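Participant: Let me begin by handing over the structure; questions about it come next.
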Amino acid sequence: MKIAVGSDHGGLELKQALFNMLQQRGLEVEDFGAFTDDSVDYPDFGVKVASAVSKGVVERGILVCGTGIGMSIIANKFSGIRAALVHDEFTAQMSKEHNNANILVMGGRILTVAQGVRLAEIWLDTKFEGGRHQNRLLKIAAAEQAE
Ligand code: RB5
């Protein structure tokens, strides 16, 4: 599986740890930056990751900013994107099991690096349940088309 990661300065440390974890799991990882802790604008990096997932260049993405709020707002502007901001093990699991989130979003100023890595592992290891949840995703896709 190909996966893209991106962050602003507020998510840099966690993003770098996620990059290492994903590589250790044998995944092909594309890092869209940021690469320094200089202050940058999160939409610039969110756009790169969300666009890559939306176009099918990569299968999934992970975005990190200070709170995760900005990154989830920008990522969900893109067609076919289901970006989920998660804060704990339960929301990480549900984001995949019920919502089939194709982008995971976290707050680098909210979680420790170890917590963030753990939540990403849960999201990667959880399977989408389908069934009634698939019907709900179809309604989301239909709403996107109707706009
Ligand atoms: C940057 O200071 C901060 O606003 C950003 O990382 C993020 O939290 C935005 O939602």
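Chain labels A, B, ... are given in the sequence in which chains occur in the structure tokens; within each chain residues are numbered consecutively from 1, and ligands are likewise numbered from 1 in the order shown.
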Using only C-alpha atoms and all ligand atoms, which residues of the polymer chains come no farther than 6 Å from ligand 1? I'd like the answer as an mmCIF file with C-alpha atoms, in the first residue's frame.

Facilitator:
data_model
loop_
_atom_site.group_PDB
_atom_site.id
_atom_site.type_symbol
_atom_site.label_atom_id
_atom_site.label_comp_id
_atom_site.auth_asym_id
_atom_site.auth_seq_id
_atom_site.Cartn_x
_atom_site.Cartn_y
_atom_site.Cartn_z
ATOM 1 C CA ASP A 8 2.747 21.785 9.330
ATOM 2 C CA GLY A 10 2.773 21.887 14.748
ATOM 3 C CA CYS A 65 -1.167 19.934 12.456
ATOM 4 C CA GLY A 66 -1.301 21.431 15.943
ATOM 5 C CA THR A 67 -4.896 20.455 16.687
ATOM 6 C CA GLY A 68 -5.749 18.433 13.568
ATOM 7 C CA ILE A 69 -8.701 20.756 12.959
ATOM 8 C CA GLY A 70 -7.252 22.759 10.083
#

Participant: I need the residues in chain A that are strand (DSSP E) according to DSSP; give them as a list in words.

Facilitator: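 Taking chain A and keeping strand (DSSP E) only, one gets Lys2, Ile3, Ala4, Val5, Gly6, Ser7, Glu28, Val29, Glu30, Asp31, Arg60, Gly61, Ile62, Leu63, Val64, Cys65, Ala83, Ala84, Leu85, Ile103, Leu104, Val105, Met106 and Gly107 of chain A.
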
Participant: How would the residues just chosen look if you wrote them out with N, CA, C and O atoms as a compact mmCIF listing (two decimals), in the first residue's frame?

Facilitator:
# COMPACT_ATOMS: atom_id res chain seq x y z
N LYS A 2 0.44 2.22 -0.80
CA LYS A 2 1.14 3.51 -0.83
C LYS A 2 0.41 4.49 0.07
O LYS A 2 -0.82 4.59 0.00
N ILE A 3 1.14 5.22 0.87
CA ILE A 3 0.52 6.14 1.81
C ILE A 3 1.31 7.45 1.83
O ILE A 3 2.54 7.44 1.72
N ALA A 4 0.58 8.57 1.93
CA ALA A 4 1.23 9.88 1.96
C ALA A 4 1.09 10.49 3.35
O ALA A 4 0.07 10.31 4.02
N VAL A 5 2.12 11.21 3.78
CA VAL A 5 2.04 11.92 5.05
C VAL A 5 2.35 13.40 4.83
O VAL A 5 3.07 13.76 3.90
N GLY A 6 1.77 14.23 5.69
CA GLY A 6 2.04 15.66 5.61
C GLY A 6 1.72 16.33 6.93
O GLY A 6 0.92 15.82 7.72
N SER A 7 2.38 17.45 7.18
CA SER A 7 2.14 18.18 8.43
C SER A 7 2.52 19.64 8.24
O SER A 7 3.16 20.00 7.24
N GLU A 28 5.02 1.81 1.29
CA GLU A 28 5.67 2.83 0.47
C GLU A 28 5.13 4.19 0.92
O GLU A 28 3.93 4.44 0.79
N VAL A 29 6.00 5.03 1.45
CA VAL A 29 5.54 6.28 2.05
C VAL A 29 6.05 7.48 1.26
O VAL A 29 7.23 7.58 0.96
N GLU A 30 5.12 8.37 0.94
CA GLU A 30 5.50 9.63 0.31
C GLU A 30 5.32 10.75 1.33
O GLU A 30 4.22 10.93 1.87
N ASP A 31 6.40 11.46 1.60
CA ASP A 31 6.37 12.55 2.59
C ASP A 31 6.28 13.88 1.86
O ASP A 31 7.22 14.30 1.17
N ARG A 60 -3.91 5.95 0.80
CA ARG A 60 -4.30 6.59 2.06
C ARG A 60 -3.35 7.72 2.42
O ARG A 60 -2.26 7.82 1.87
N GLY A 61 -3.78 8.55 3.40
CA GLY A 61 -2.92 9.63 3.85
C GLY A 61 -3.04 9.85 5.35
O GLY A 61 -4.03 9.44 5.97
N ILE A 62 -2.01 10.46 5.91
CA ILE A 62 -2.06 10.88 7.31
C ILE A 62 -1.60 12.34 7.37
O ILE A 62 -0.58 12.70 6.78
N LEU A 63 -2.39 13.16 8.06
CA LEU A 63 -2.09 14.58 8.19
C LEU A 63 -2.02 14.97 9.66
O LEU A 63 -2.84 14.50 10.47
N VAL A 64 -1.07 15.83 9.99
CA VAL A 64 -0.93 16.29 11.37
C VAL A 64 -0.69 17.80 11.37
O VAL A 64 0.19 18.30 10.66
N CYS A 65 -1.48 18.54 12.15
CA CYS A 65 -1.17 19.93 12.46
C CYS A 65 -1.25 20.06 13.97
O CYS A 65 -1.23 19.05 14.67
N ALA A 83 -11.77 12.29 5.65
CA ALA A 83 -10.67 12.56 6.60
C ALA A 83 -11.25 12.59 8.01
O ALA A 83 -12.21 13.31 8.27
N ALA A 84 -10.67 11.82 8.90
CA ALA A 84 -11.18 11.72 10.27
C ALA A 84 -10.14 12.22 11.27
O ALA A 84 -9.01 11.72 11.30
N LEU A 85 -10.56 13.20 12.07
CA LEU A 85 -9.72 13.70 13.16
C LEU A 85 -9.95 12.83 14.39
O LEU A 85 -11.07 12.74 14.88
N ILE A 103 -8.17 9.23 5.07
CA ILE A 103 -7.11 10.09 5.63
C ILE A 103 -7.32 10.15 7.14
O ILE A 103 -8.42 10.44 7.62
N LEU A 104 -6.24 9.89 7.86
CA LEU A 104 -6.25 9.99 9.32
C LEU A 104 -5.65 11.34 9.69
O LEU A 104 -4.62 11.73 9.13
N VAL A 105 -6.31 12.05 10.60
CA VAL A 105 -5.80 13.37 11.01
C VAL A 105 -5.62 13.37 12.53
O VAL A 105 -6.47 12.86 13.27
N MET A 106 -4.51 13.94 12.96
CA MET A 106 -4.24 14.02 14.40
C MET A 106 -3.63 15.38 14.76
O MET A 106 -3.11 16.09 13.90
N GLY A 107 -3.72 15.69 16.04
CA GLY A 107 -3.16 16.94 16.56
C GLY A 107 -1.82 16.69 17.24
O GLY A 107 -1.77 16.01 18.27

Participant: Which residues in chain A does DSSP call alpha helix (DSSP H)? List them as a VMD selection string.

Facilitator: chain A and resid 12 to 24 42 to 54 69 to 75 89 to 97 113 to 125 132 to 146

Participant: For a test of reading the model, state the distance in Å between CA of Arg136 (chain A) and CA of Pro43 (chain A), rounded to one decimal.

Facilitator: 27.6 Å

Participant: Could you check which of A:Ser54, A:Ser39, A:Gln93, A:Asn99 is closest to Gly131 (chain A), using only C-alpha atoms?

Facilitator: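 So, comparing all the options, the nearest one is A:Asn99.
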
Participant: Quick one: everything within 12 Å of Gly26 (chain A), counting only C-alpha atoms, minus sequence neighbours fewer than 4 positions away in the same chain. Send it as number ranges by chain.

Facilitator: A: 1-3, 19-22

Participant: Have a look at A:Phe35, A:Ala75, A:Lys15, A:Leu27 and name the one nearest to Lys48 (chain A); count only C-alpha atoms.

Facilitator: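 Looking at the shortest contact to Lys48 (chain A), the residue is A:Ala75.
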
Participant: One number please: CA of Gln24 (chain A) to CA of Asp38 (chain A), in Å, one decimal.

Facilitator: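 Going from CA of Gln24 (chain A) over to CA of Asp38 (chain A), I get 27.1 Å.
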
Participant: Check the smallest atom-to-atom distance from each of A:Ile74, A:Ala52, A:Leu138, A:Ala114 to Asn100 (chain A) using only C-alpha atoms, then report the winner.

Facilitator: A:Leu138
